[in-house]
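To be precise, the following lines are entry-v4.cif, and they hold mmCIF, C-alpha atoms.
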```
data_structure
loop_
_atom_site.label_atom_id
_atom_site.label_comp_id
_atom_site.auth_asym_id
_atom_site.auth_seq_id
_atom_site.Cartn_x
_atom_site.Cartn_y
_atom_site.Cartn_z
CA MET A 465 6.08 -33.72 7.16
CA THR A 466 4.91 -30.27 6.16
CA PHE A 467 6.77 -28.46 3.41
CA ARG A 468 6.53 -24.65 3.69
CA PRO A 469 8.89 -22.76 1.40
CA GLU A 470 9.56 -19.16 2.38
CA HIS A 471 8.41 -17.11 -0.57
CA GLU A 472 9.43 -13.48 -1.25
CA LEU A 473 5.74 -12.67 -0.85
CA HIS A 474 5.77 -13.98 2.73
CA ARG A 475 8.80 -11.89 3.62
CA ARG A 476 7.14 -8.74 2.30
CA ARG A 477 3.92 -9.51 4.10
CA PHE A 478 5.82 -10.13 7.33
CA SER A 479 7.66 -6.78 7.00
CA ARG A 480 4.33 -5.04 6.51
CA ASN A 481 2.70 -6.76 9.48
CA LEU A 482 5.71 -6.12 11.70
CA GLY A 483 5.81 -2.44 10.70
CA LEU A 484 2.10 -2.01 11.34
CA GLY A 485 2.32 -3.83 14.66
CA LEU A 486 5.20 -1.68 15.89
CA THR A 487 3.41 1.48 14.71
CA LEU A 488 0.25 0.53 16.61
CA ALA A 489 2.26 -0.32 19.74
CA ALA A 490 4.02 3.06 19.55
CA PHE A 491 0.64 4.78 19.10
CA VAL A 492 -0.77 3.07 22.20
CA ALA A 493 2.32 4.07 24.20
CA LEU A 494 2.00 7.68 23.04
CA VAL A 495 -1.71 7.89 23.91
CA PHE A 496 -0.93 6.44 27.35
CA ALA A 497 1.89 8.95 27.93
CA LEU A 498 -0.36 11.84 26.81
CA THR A 499 -3.10 10.66 29.15
CA VAL A 500 -0.71 10.51 32.10
CA VAL A 501 0.59 14.03 31.36
CA LYS A 502 -2.88 15.52 31.01
CA VAL A 503 -4.39 13.75 34.02
CA LYS A 504 -1.50 14.76 36.27
CA ARG A 505 -2.02 18.39 35.31
CA GLY A 506 -5.80 18.30 35.72
CA GLU A 507 -7.85 19.95 38.44
CA PRO A 508 -8.88 17.79 41.41
CA MET A 509 -12.00 15.91 40.34
CA GLN A 510 -14.38 13.51 41.95
CA GLY A 511 -14.34 10.15 40.24
CA TYR A 512 -18.07 9.89 39.66
CA ASP A 513 -19.07 13.24 38.20
CA HIS A 514 -15.96 14.81 36.64
CA THR A 515 -16.71 18.23 38.07
CA TYR A 516 -14.43 20.62 39.90
CA SER A 517 -14.69 19.93 43.63
CA PRO A 518 -12.98 22.36 46.00
CA ALA A 519 -14.18 20.16 48.87
CA LEU A 520 -11.53 17.63 47.87
CA LEU A 521 -8.69 20.09 48.33
CA PRO A 522 -6.69 19.66 51.56
CA LYS A 523 -7.78 22.20 54.18
CA GLU A 524 -5.38 25.09 54.79
CA GLU A 525 -4.31 25.77 58.35
CA GLY A 526 -6.28 28.41 60.25
CA LYS A 527 -9.34 28.08 58.01
CA PRO A 528 -12.57 26.27 58.94
CA MET B 282 12.75 -22.04 -21.25
CA SER B 283 14.27 -23.93 -18.34
CA ASP B 284 12.20 -25.91 -15.87
CA THR B 285 12.98 -23.37 -13.15
CA ALA B 286 11.84 -20.46 -15.30
CA ALA B 287 8.63 -22.28 -16.17
CA TYR B 288 7.99 -22.92 -12.48
CA GLN B 289 8.63 -19.31 -11.56
CA GLY B 290 6.35 -18.13 -14.36
CA ALA B 291 3.56 -20.40 -13.19
CA ASN B 292 3.86 -19.06 -9.67
CA ALA B 293 3.99 -15.39 -10.66
CA THR B 294 2.04 -13.39 -8.08
CA PRO B 295 1.02 -9.74 -8.06
CA TYR B 296 3.47 -7.43 -6.27
CA GLU B 297 2.97 -7.51 -2.53
CA PRO B 298 3.80 -4.05 -1.16
CA GLY B 299 6.08 -3.89 1.86
CA PHE B 300 5.77 -1.48 4.80
CA GLY B 301 8.35 0.81 3.17
CA ASP B 302 6.14 1.28 0.12
CA TYR B 303 3.40 2.73 2.31
CA VAL B 304 5.93 4.94 4.12
CA LEU B 305 7.00 6.34 0.72
CA LEU B 306 3.37 7.38 0.09
CA LEU B 307 3.83 9.92 2.88
CA LYS B 308 6.69 11.73 1.07
CA PRO B 309 9.31 11.36 3.85
CA ARG B 310 11.55 14.11 2.45
CA VAL B 311 8.73 16.65 2.54
CA MET B 312 7.83 15.40 6.01
CA SER B 313 11.36 16.10 7.26
CA LEU B 314 10.99 19.76 6.23
CA VAL B 315 7.57 19.88 7.90
CA VAL B 316 8.98 18.39 11.11
CA PHE B 317 11.81 20.91 11.17
CA THR B 318 9.72 24.03 10.51
CA ALA B 319 6.88 22.95 12.82
CA LEU B 320 9.39 22.19 15.56
CA VAL B 321 10.91 25.65 15.20
CA GLY B 322 7.45 27.26 15.31
CA LEU B 323 6.68 25.34 18.48
CA LEU B 324 10.00 25.97 20.22
CA VAL B 325 10.26 29.70 19.52
CA ALA B 326 6.73 30.33 20.86
CA PRO B 327 6.57 32.19 24.18
CA VAL B 328 4.58 29.36 25.81
CA SER B 329 6.21 25.98 26.36
CA LEU B 330 4.52 22.60 26.09
CA HIS B 331 5.23 19.46 28.09
CA PRO B 332 7.81 17.40 26.13
CA VAL B 333 5.33 14.56 25.56
CA GLU B 334 2.73 17.01 24.19
CA ALA B 335 5.37 18.69 22.02
CA PHE B 336 6.51 15.33 20.64
CA ALA B 337 2.90 14.32 19.91
CA ALA B 338 2.19 17.68 18.27
CA ILE B 339 5.15 17.40 15.88
CA LEU B 340 4.37 13.76 15.14
CA PHE B 341 0.74 14.46 14.23
CA ILE B 342 1.58 17.56 12.19
CA ALA B 343 4.08 15.42 10.23
CA LEU B 344 1.48 12.65 9.89
CA GLY B 345 -1.04 15.17 8.56
CA ALA B 346 1.51 16.36 6.00
CA GLY B 347 2.17 12.72 5.07
CA ALA B 348 -1.56 12.11 4.68
CA SER B 349 -1.89 15.01 2.26
CA GLY B 350 1.13 13.59 0.36
CA ALA B 351 -0.66 10.23 0.01
CA LEU B 352 -3.83 11.97 -1.23
CA ASN B 353 -1.71 13.91 -3.71
CA MET B 354 -0.13 10.66 -4.97
CA TRP B 355 -3.57 9.11 -5.39
CA TRP B 356 -4.87 12.06 -7.42
CA ASP B 357 -1.72 12.77 -9.44
CA ALA B 358 -0.74 9.19 -10.32
CA ASP B 359 -1.27 9.89 -14.04
CA ILE B 360 1.08 12.88 -14.24
CA ASP B 361 3.56 11.35 -11.77
CA ALA B 362 3.97 8.44 -14.19
CA VAL B 363 4.99 10.81 -17.00
CA MET B 364 7.53 12.87 -15.08
CA LYS B 365 11.04 11.45 -14.59
CA ARG B 366 11.31 12.99 -11.11
CA THR B 367 8.15 11.25 -9.84
CA ALA B 368 7.84 8.09 -11.99
CA ARG B 369 9.32 5.86 -9.27
CA ARG B 370 6.73 6.83 -6.64
CA PRO B 371 4.81 3.80 -5.30
CA VAL B 372 1.54 4.40 -7.19
CA PRO B 373 2.87 5.15 -10.71
CA ALA B 374 5.48 2.38 -10.28
CA GLY B 375 2.65 -0.08 -9.57
CA ARG B 376 3.80 -1.06 -6.09
CA VAL B 377 0.72 0.37 -4.34
CA GLN B 378 -2.81 0.65 -5.76
CA ALA B 379 -4.21 4.17 -6.16
CA GLY B 380 -7.21 3.20 -3.98
CA GLU B 381 -4.85 2.15 -1.20
CA ALA B 382 -3.13 5.54 -1.35
CA LEU B 383 -6.55 7.19 -1.00
CA ALA B 384 -7.44 4.98 1.98
CA VAL B 385 -4.10 5.65 3.70
CA GLY B 386 -4.45 9.39 3.05
CA LEU B 387 -8.00 9.63 4.41
CA ALA B 388 -7.33 7.46 7.45
CA LEU B 389 -4.16 9.31 8.43
CA SER B 390 -5.85 12.69 7.86
CA GLY B 391 -8.56 11.79 10.36
CA ILE B 392 -6.15 10.32 12.92
CA SER B 393 -3.70 13.23 12.73
CA VAL B 394 -6.34 15.97 13.07
CA VAL B 395 -8.21 14.31 15.94
CA MET B 396 -5.01 13.42 17.80
CA LEU B 397 -3.52 16.91 17.38
CA GLY B 398 -6.72 18.38 18.78
CA LEU B 399 -6.61 16.05 21.78
CA ALA B 400 -2.88 16.54 22.36
CA THR B 401 -2.82 20.35 22.03
CA ASN B 402 -5.86 22.48 21.09
CA LEU B 403 -8.73 22.73 18.63
CA MET B 404 -7.28 25.74 16.81
CA ALA B 405 -4.15 23.76 15.87
CA ALA B 406 -6.29 20.80 14.77
CA ALA B 407 -8.49 23.07 12.62
CA LEU B 408 -5.40 24.58 10.97
CA LEU B 409 -4.00 21.11 10.24
CA ALA B 410 -7.32 20.01 8.74
CA PHE B 411 -7.37 23.14 6.57
CA THR B 412 -3.78 22.51 5.45
CA ILE B 413 -4.60 18.94 4.35
CA PHE B 414 -7.71 20.18 2.55
CA PHE B 415 -5.76 23.00 0.93
CA TYR B 416 -2.98 20.74 -0.37
CA ALA B 417 -5.14 17.82 -1.46
CA VAL B 418 -8.18 19.65 -2.85
CA VAL B 419 -7.31 23.29 -3.59
CA TYR B 420 -3.78 22.63 -4.88
CA SER B 421 -3.71 19.03 -6.20
CA MET B 422 -7.25 18.66 -7.55
CA TRP B 423 -8.00 22.20 -8.61
CA LEU B 424 -5.13 24.62 -9.19
CA LYS B 425 -2.19 22.41 -10.16
CA ARG B 426 -3.68 21.54 -13.55
CA SER B 427 -5.53 24.79 -14.20
CA THR B 428 -3.27 27.77 -13.52
CA PRO B 429 0.42 28.64 -13.90
CA GLN B 430 0.18 30.29 -10.47
CA ASN B 431 -0.24 26.76 -9.01
CA ILE B 432 3.11 26.95 -7.24
CA VAL B 433 2.31 30.28 -5.59
CA ILE B 434 -0.99 29.11 -4.09
CA GLY B 435 0.19 25.57 -3.41
CA GLY B 436 3.10 27.02 -1.46
CA ALA B 437 0.65 28.03 1.25
CA ALA B 438 0.15 24.37 2.20
CA GLY B 439 3.87 23.99 2.87
CA ALA B 440 3.91 27.26 4.79
CA PHE B 441 1.39 26.26 7.47
CA PRO B 442 3.51 23.86 9.62
CA PRO B 443 5.49 26.52 11.59
CA MET B 444 2.23 28.39 12.18
CA ILE B 445 0.57 25.20 13.44
CA GLY B 446 3.59 24.54 15.69
CA TRP B 447 3.23 28.05 17.15
CA VAL B 448 -0.55 27.62 17.63
CA CYS B 449 0.00 24.25 19.36
CA ALA B 450 1.96 26.10 22.04
CA THR B 451 0.08 29.39 22.29
CA GLY B 452 -3.45 28.54 21.11
CA SER B 453 -3.61 31.62 18.87
CA ILE B 454 -2.18 33.13 15.67
CA SER B 455 0.21 36.07 16.01
CA VAL B 456 2.30 38.28 13.74
CA GLU B 457 5.33 36.01 14.31
CA ALA B 458 3.37 32.96 13.16
CA CYS B 459 2.15 34.90 10.10
CA LEU B 460 5.69 35.97 9.19
CA MET B 461 7.02 32.40 9.48
CA PHE B 462 4.15 31.40 7.21
CA GLY B 463 5.00 34.28 4.85
CA LEU B 464 8.66 33.30 4.73
CA ILE B 465 7.92 29.83 3.33
CA PHE B 466 5.01 31.09 1.21
CA MET B 467 7.13 33.71 -0.58
CA TRP B 468 10.16 31.40 -0.79
CA THR B 469 8.29 28.60 -2.59
CA PRO B 470 7.77 30.25 -6.03
CA PRO B 471 11.42 31.18 -6.73
CA HIS B 472 12.52 27.80 -5.35
CA PHE B 473 10.22 25.79 -7.65
CA TRP B 474 10.52 28.01 -10.70
CA ALA B 475 14.30 27.69 -10.57
CA LEU B 476 13.75 23.91 -10.57
CA ALA B 477 11.29 24.20 -13.46
CA LEU B 478 13.87 26.14 -15.48
CA PHE B 479 16.30 23.21 -15.55
CA MET B 480 13.75 20.33 -15.35
CA LYS B 481 11.83 21.76 -18.29
CA GLU B 482 10.95 18.56 -20.15
CA ASP B 483 9.25 16.98 -17.12
CA TYR B 484 6.47 19.52 -16.65
CA HIS B 485 6.04 20.00 -20.37
CA ARG B 486 5.51 16.26 -20.94
CA ALA B 487 3.03 16.02 -18.08
CA GLY B 488 1.02 18.98 -19.39
CA VAL B 489 1.16 20.74 -16.02
CA PRO B 490 0.70 24.47 -16.69
CA MET B 491 4.01 25.51 -15.19
CA LEU B 492 4.93 29.13 -15.75
CA THR B 493 7.82 27.98 -17.96
CA VAL B 494 5.32 26.22 -20.24
CA THR B 495 2.51 28.80 -20.34
CA HIS B 496 4.35 32.13 -20.21
CA GLY B 497 7.79 31.16 -21.43
CA ARG B 498 11.17 31.02 -19.79
CA LYS B 499 11.91 34.75 -19.93
CA ALA B 500 8.73 35.51 -17.97
CA THR B 501 9.68 32.81 -15.44
CA ARG B 502 13.05 34.48 -14.89
CA VAL B 503 11.28 37.80 -14.25
CA HIS B 504 8.91 36.08 -11.80
CA VAL B 505 11.84 34.51 -9.90
CA LEU B 506 13.37 37.97 -9.43
CA VAL B 507 10.09 39.67 -8.44
CA TYR B 508 9.15 37.01 -5.88
CA THR B 509 12.67 37.03 -4.44
CA LEU B 510 12.44 40.80 -3.97
CA LEU B 511 9.02 40.40 -2.30
CA LEU B 512 10.49 37.76 0.00
CA VAL B 513 13.12 40.14 1.41
CA PRO B 514 10.81 42.36 3.54
CA VAL B 515 9.07 39.28 4.96
CA ALA B 516 12.39 37.71 6.00
CA ILE B 517 13.74 40.95 7.45
CA GLY B 518 10.39 41.66 9.11
CA ALA B 519 10.44 38.28 10.86
CA ALA B 520 13.89 39.09 12.23
CA LEU B 521 12.50 42.30 13.78
CA THR B 522 9.73 40.55 15.76
CA SER B 523 9.94 38.77 19.10
CA ILE B 524 11.33 35.60 17.47
CA GLY B 525 14.24 37.60 16.03
CA GLY B 526 17.19 39.50 17.38
CA PRO B 527 20.57 40.86 16.27
CA LEU B 528 21.82 37.43 15.16
CA THR B 529 18.64 36.70 13.16
CA LEU B 530 18.75 40.12 11.54
CA ALA B 531 22.42 39.73 10.53
CA VAL B 532 21.81 36.26 9.07
CA ALA B 533 18.64 37.46 7.28
CA VAL B 534 20.49 40.39 5.68
CA VAL B 535 23.31 38.16 4.40
CA LEU B 536 21.03 35.36 3.16
CA ASN B 537 18.65 37.73 1.41
CA ALA B 538 21.42 39.72 -0.23
CA TRP B 539 22.85 36.46 -1.57
CA PHE B 540 19.43 35.26 -2.72
CA VAL B 541 18.67 38.53 -4.53
CA VAL B 542 22.05 38.40 -6.30
CA GLY B 543 21.23 34.82 -7.44
CA ALA B 544 17.77 35.87 -8.67
CA PHE B 545 19.28 38.86 -10.47
CA ARG B 546 21.78 36.57 -12.26
CA ILE B 547 18.93 34.28 -13.34
CA TRP B 548 16.93 37.28 -14.63
CA ARG B 549 19.91 38.57 -16.65
CA ARG B 550 20.44 35.30 -18.51
CA ASP B 551 18.72 33.93 -21.60
CA GLU B 552 18.29 30.34 -22.72
CA THR B 553 21.41 30.31 -24.89
CA MET B 554 23.58 31.33 -21.94
CA ALA B 555 21.80 28.85 -19.65
CA GLU B 556 22.19 25.92 -22.03
CA ALA B 557 25.85 26.79 -22.59
CA ASP B 558 26.71 26.04 -18.96
CA ASN B 559 23.95 23.44 -18.43
CA TYR B 560 21.86 25.73 -16.21
CA ALA B 561 24.66 26.13 -13.65
CA VAL B 562 23.28 29.42 -12.25
CA GLU B 563 19.71 28.07 -11.96
CA LYS B 564 20.94 24.87 -10.27
CA ALA B 565 23.13 26.85 -7.85
CA PHE B 566 20.16 29.12 -7.01
CA PHE B 567 17.94 26.10 -6.37
CA ARG B 568 20.54 24.49 -4.06
CA PHE B 569 21.05 27.76 -2.20
CA SER B 570 17.28 28.17 -1.77
CA LEU B 571 17.24 24.99 0.33
CA LEU B 572 20.06 26.31 2.50
CA TYR B 573 18.33 29.71 2.69
CA LEU B 574 15.19 28.31 4.30
CA PHE B 575 17.06 25.92 6.58
CA LEU B 576 19.36 28.67 7.89
CA HIS B 577 16.49 31.09 8.49
CA PHE B 578 14.62 28.62 10.69
CA ALA B 579 17.79 27.34 12.36
CA THR B 580 18.60 30.95 13.28
CA PHE B 581 15.15 31.47 14.85
CA LEU B 582 15.94 28.44 16.99
CA ALA B 583 19.44 29.69 17.85
CA GLU B 584 18.03 33.10 18.78
CA ALA B 585 15.50 31.45 21.12
CA ALA B 586 18.32 29.47 22.73
CA LEU B 587 20.38 32.66 23.14
CA LYS B 588 17.36 34.44 24.59
CA SER B 589 16.86 31.74 27.19
CA ALA B 590 20.55 32.18 28.09
CA GLY B 591 19.89 35.90 28.49
CA VAL B 592 21.92 37.18 25.53
CA GLY B 593 19.67 36.98 22.42
CA GLY B 594 16.52 38.72 21.26
CA TRP B 595 15.58 42.39 21.14
#
```
Could you write out this structure as C-alpha cells?
Amino acid sequence: MTFRPEHELHRRRFSRNLGLGLTLAAFVALVFALTVVKVKRGEPMQGYDHTYSPALLPKEEGKP
Amino acid sequence: MSDTAAYQGANATPYEPGFGDYVLLLKPRVMSLVVFTALVGLLVAPVSLHPVEAFAAILFIALGAGASGALNMWWDADIDAVMKRTARRPVPAGRVQAGEALAVGLALSGISVVMLGLATNLMAAALLAFTIFFYAVVYSMWLKRSTPQNIVIGGAAGAFPPMIGWVCATGSISVEACLMFGLIFMWTPPHFWALALFMKEDYHRAGVPMLTVTHGRKATRVHVLVYTLLLVPVAIGAALTSIGGPLTLAVAVVLNAWFVVGAFRIWRRDETMAEADNYAVEKAFFRFSLLYLFLHFATFLAEAALKSAGVGGW
C-alpha cells in the first residue's frame, strides 16, 4: 500500500502547474485565431512560393 | 513542544509560490488601468481592427505593462520592503525570489513585444518595447533614486498605452495620440504628489528622493498646483480634436475646473492645517484624480459611440 499525504506544497505546485497549463492553452488558441484571421484576409497566394499570383484569381466574364 | 509541532518543524520546507504570486508580480491594478486606456486609444482610432486582433493587441500591451512591473519589483525589492504600501509585494515578502521576478519580466517583455508586432504592426511593437525599457531602466533603475522629478519622467511610461492602442489600429502617431499621452503624463505628477503628501513616512523611510523629502511640503503643494494648471490645456485640447466633441468638451471643462479648485485648496494649506484634519483635502484630491482620468477616457469612448450613431463629434 502506498501512503501519499497531500502536503500544502503539493497543492501550491498543482495550482501553479494548472495556471501555467491553462495560460499556455489560451496562448495557443489565440495564436491559432490570429492566424486564421490573417490568412483569411491575405492576398491569393500559391502554396509553394508565397508570392502574389494574379493567375490564381477567377477569370472575369468578357476578358481573355 | 508537542510531537506534532516537532514533526511539522522537521518537515519545514521553503515557501512554494503559487500561480497567484506570479500574477501579483505583474501589478494587476496597474494593468487594469493600462487595459482601459489602451482599449480607449484603440477604439477611438479612425481605423478599426478585427476583434481578434484588437483583443490580442490589448492583451499583449497589458502583458508588456505587467512585464515592466515584474522588472520594477526585481530592481526595487529593497525599497519595497521598507515602504508600508509595498512591503507585501511577492518579492519583499519572500514569496518569490528576485531572480524569478527578473526571469518573468524578461520573458514576458520578449513575448509581448514580438506578439504585438505579429498581431498588429511593428510601430506598435517598437513603442511597447520602448515603454518597457523606459519604465524598467530609465525610471526604475536610473531616475527613481536620483531625482525628485522621478514622478514626472516616470509618468511617461504610464502614458504610452493609449498611444500604443491608437498606433495598433492606425499604424502611425497623430496629434490625438499625443494628447491622450499628454493627458496621463501631466496628470501623473499631481496624482502622485498628493499621495506623497499624506503617505510621507513611506518615501522618507525608503530614501526615495520624493519632492516632499527633497524640496519640502510647501514646494510640493506649489508643484501640484502648477502641474494641474498645465494639465488643463492638454485636457481641453484633446476634447477639441477628432476624438472629442461637445460632450467631451463639457465633461473636460467640469472635471478640470474641479481639479484646479482641489489643487488650489492644497496649495493654500500648510502642514498644521493638513494635520488638523488628517490630510482630508489631499486625500479627497487623490481620490478625485482617479475619477478624473477614468471619466476623461470614458468620455472619449462615449463620444466615439455617439459619433458612430451620427450624433457625437465635431
Select residues of chain B: the criterion is any atom within 12 Å of an atom of chain A, counting only C-alpha atoms; output as a PDB file with C-alpha atoms, in the frame of the given file.
```
ATOM      1  CA  GLN B 289       8.630 -19.310 -11.560  1.00  0.00           C
ATOM      2  CA  ASN B 292       3.860 -19.060  -9.670  1.00  0.00           C
ATOM      3  CA  ALA B 293       3.990 -15.390 -10.660  1.00  0.00           C
ATOM      4  CA  THR B 294       2.040 -13.390  -8.080  1.00  0.00           C
ATOM      5  CA  PRO B 295       1.020  -9.740  -8.060  1.00  0.00           C
ATOM      6  CA  TYR B 296       3.470  -7.430  -6.270  1.00  0.00           C
ATOM      7  CA  GLU B 297       2.970  -7.510  -2.530  1.00  0.00           C
ATOM      8  CA  PRO B 298       3.800  -4.050  -1.160  1.00  0.00           C
ATOM      9  CA  GLY B 299       6.080  -3.890   1.860  1.00  0.00           C
ATOM     10  CA  PHE B 300       5.770  -1.480   4.800  1.00  0.00           C
ATOM     11  CA  GLY B 301       8.350   0.810   3.170  1.00  0.00           C
ATOM     12  CA  ASP B 302       6.140   1.280   0.120  1.00  0.00           C
ATOM     13  CA  TYR B 303       3.400   2.730   2.310  1.00  0.00           C
ATOM     14  CA  VAL B 304       5.930   4.940   4.120  1.00  0.00           C
ATOM     15  CA  LEU B 330       4.520  22.600  26.090  1.00  0.00           C
ATOM     16  CA  HIS B 331       5.230  19.460  28.090  1.00  0.00           C
ATOM     17  CA  PRO B 332       7.810  17.400  26.130  1.00  0.00           C
ATOM     18  CA  VAL B 333       5.330  14.560  25.560  1.00  0.00           C
ATOM     19  CA  GLU B 334       2.730  17.010  24.190  1.00  0.00           C
ATOM     20  CA  ALA B 335       5.370  18.690  22.020  1.00  0.00           C
ATOM     21  CA  PHE B 336       6.510  15.330  20.640  1.00  0.00           C
ATOM     22  CA  ALA B 337       2.900  14.320  19.910  1.00  0.00           C
ATOM     23  CA  ALA B 338       2.190  17.680  18.270  1.00  0.00           C
ATOM     24  CA  LEU B 340       4.370  13.760  15.140  1.00  0.00           C
ATOM     25  CA  PHE B 341       0.740  14.460  14.230  1.00  0.00           C
ATOM     26  CA  ARG B 376       3.800  -1.060  -6.090  1.00  0.00           C
ATOM     27  CA  ILE B 392      -6.150  10.320  12.920  1.00  0.00           C
ATOM     28  CA  SER B 393      -3.700  13.230  12.730  1.00  0.00           C
ATOM     29  CA  MET B 396      -5.010  13.420  17.800  1.00  0.00           C
ATOM     30  CA  LEU B 397      -3.520  16.910  17.380  1.00  0.00           C
ATOM     31  CA  LEU B 399      -6.610  16.050  21.780  1.00  0.00           C
ATOM     32  CA  ALA B 400      -2.880  16.540  22.360  1.00  0.00           C
ATOM     33  CA  THR B 401      -2.820  20.350  22.030  1.00  0.00           C
TER      34      THR B 401
END
```
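In this model, the gap between atom CA of B:Gly488 and atom CA of B:Ser390 comes to 28.8 Å.
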Using all atoms listed in the file: which of B:Ala538, B:Ala368, B:Leu352, B:Val363 has the shortest distance to B:Tyr416: B:Leu352
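Atom pair atom CA of B:Trp548 / atom CA of B:Val311: separated by 28.1 Å.
Applied to the file shown here, the PyMOL selection byres ((chain B and resi 528-534) around 8) selects the residues Ala516, Ile517, Ala520, Leu521, Gly525, Gly526, Pro527, Val535, Leu536, Asn537, Ala538, His577, Thr580, Phe581, Glu584 and Gly593 of chain B.
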What is the distance, in Å and to one decimal place, between atom CA of B:Leu476 and atom CA of B:Leu571? 11.5 Å
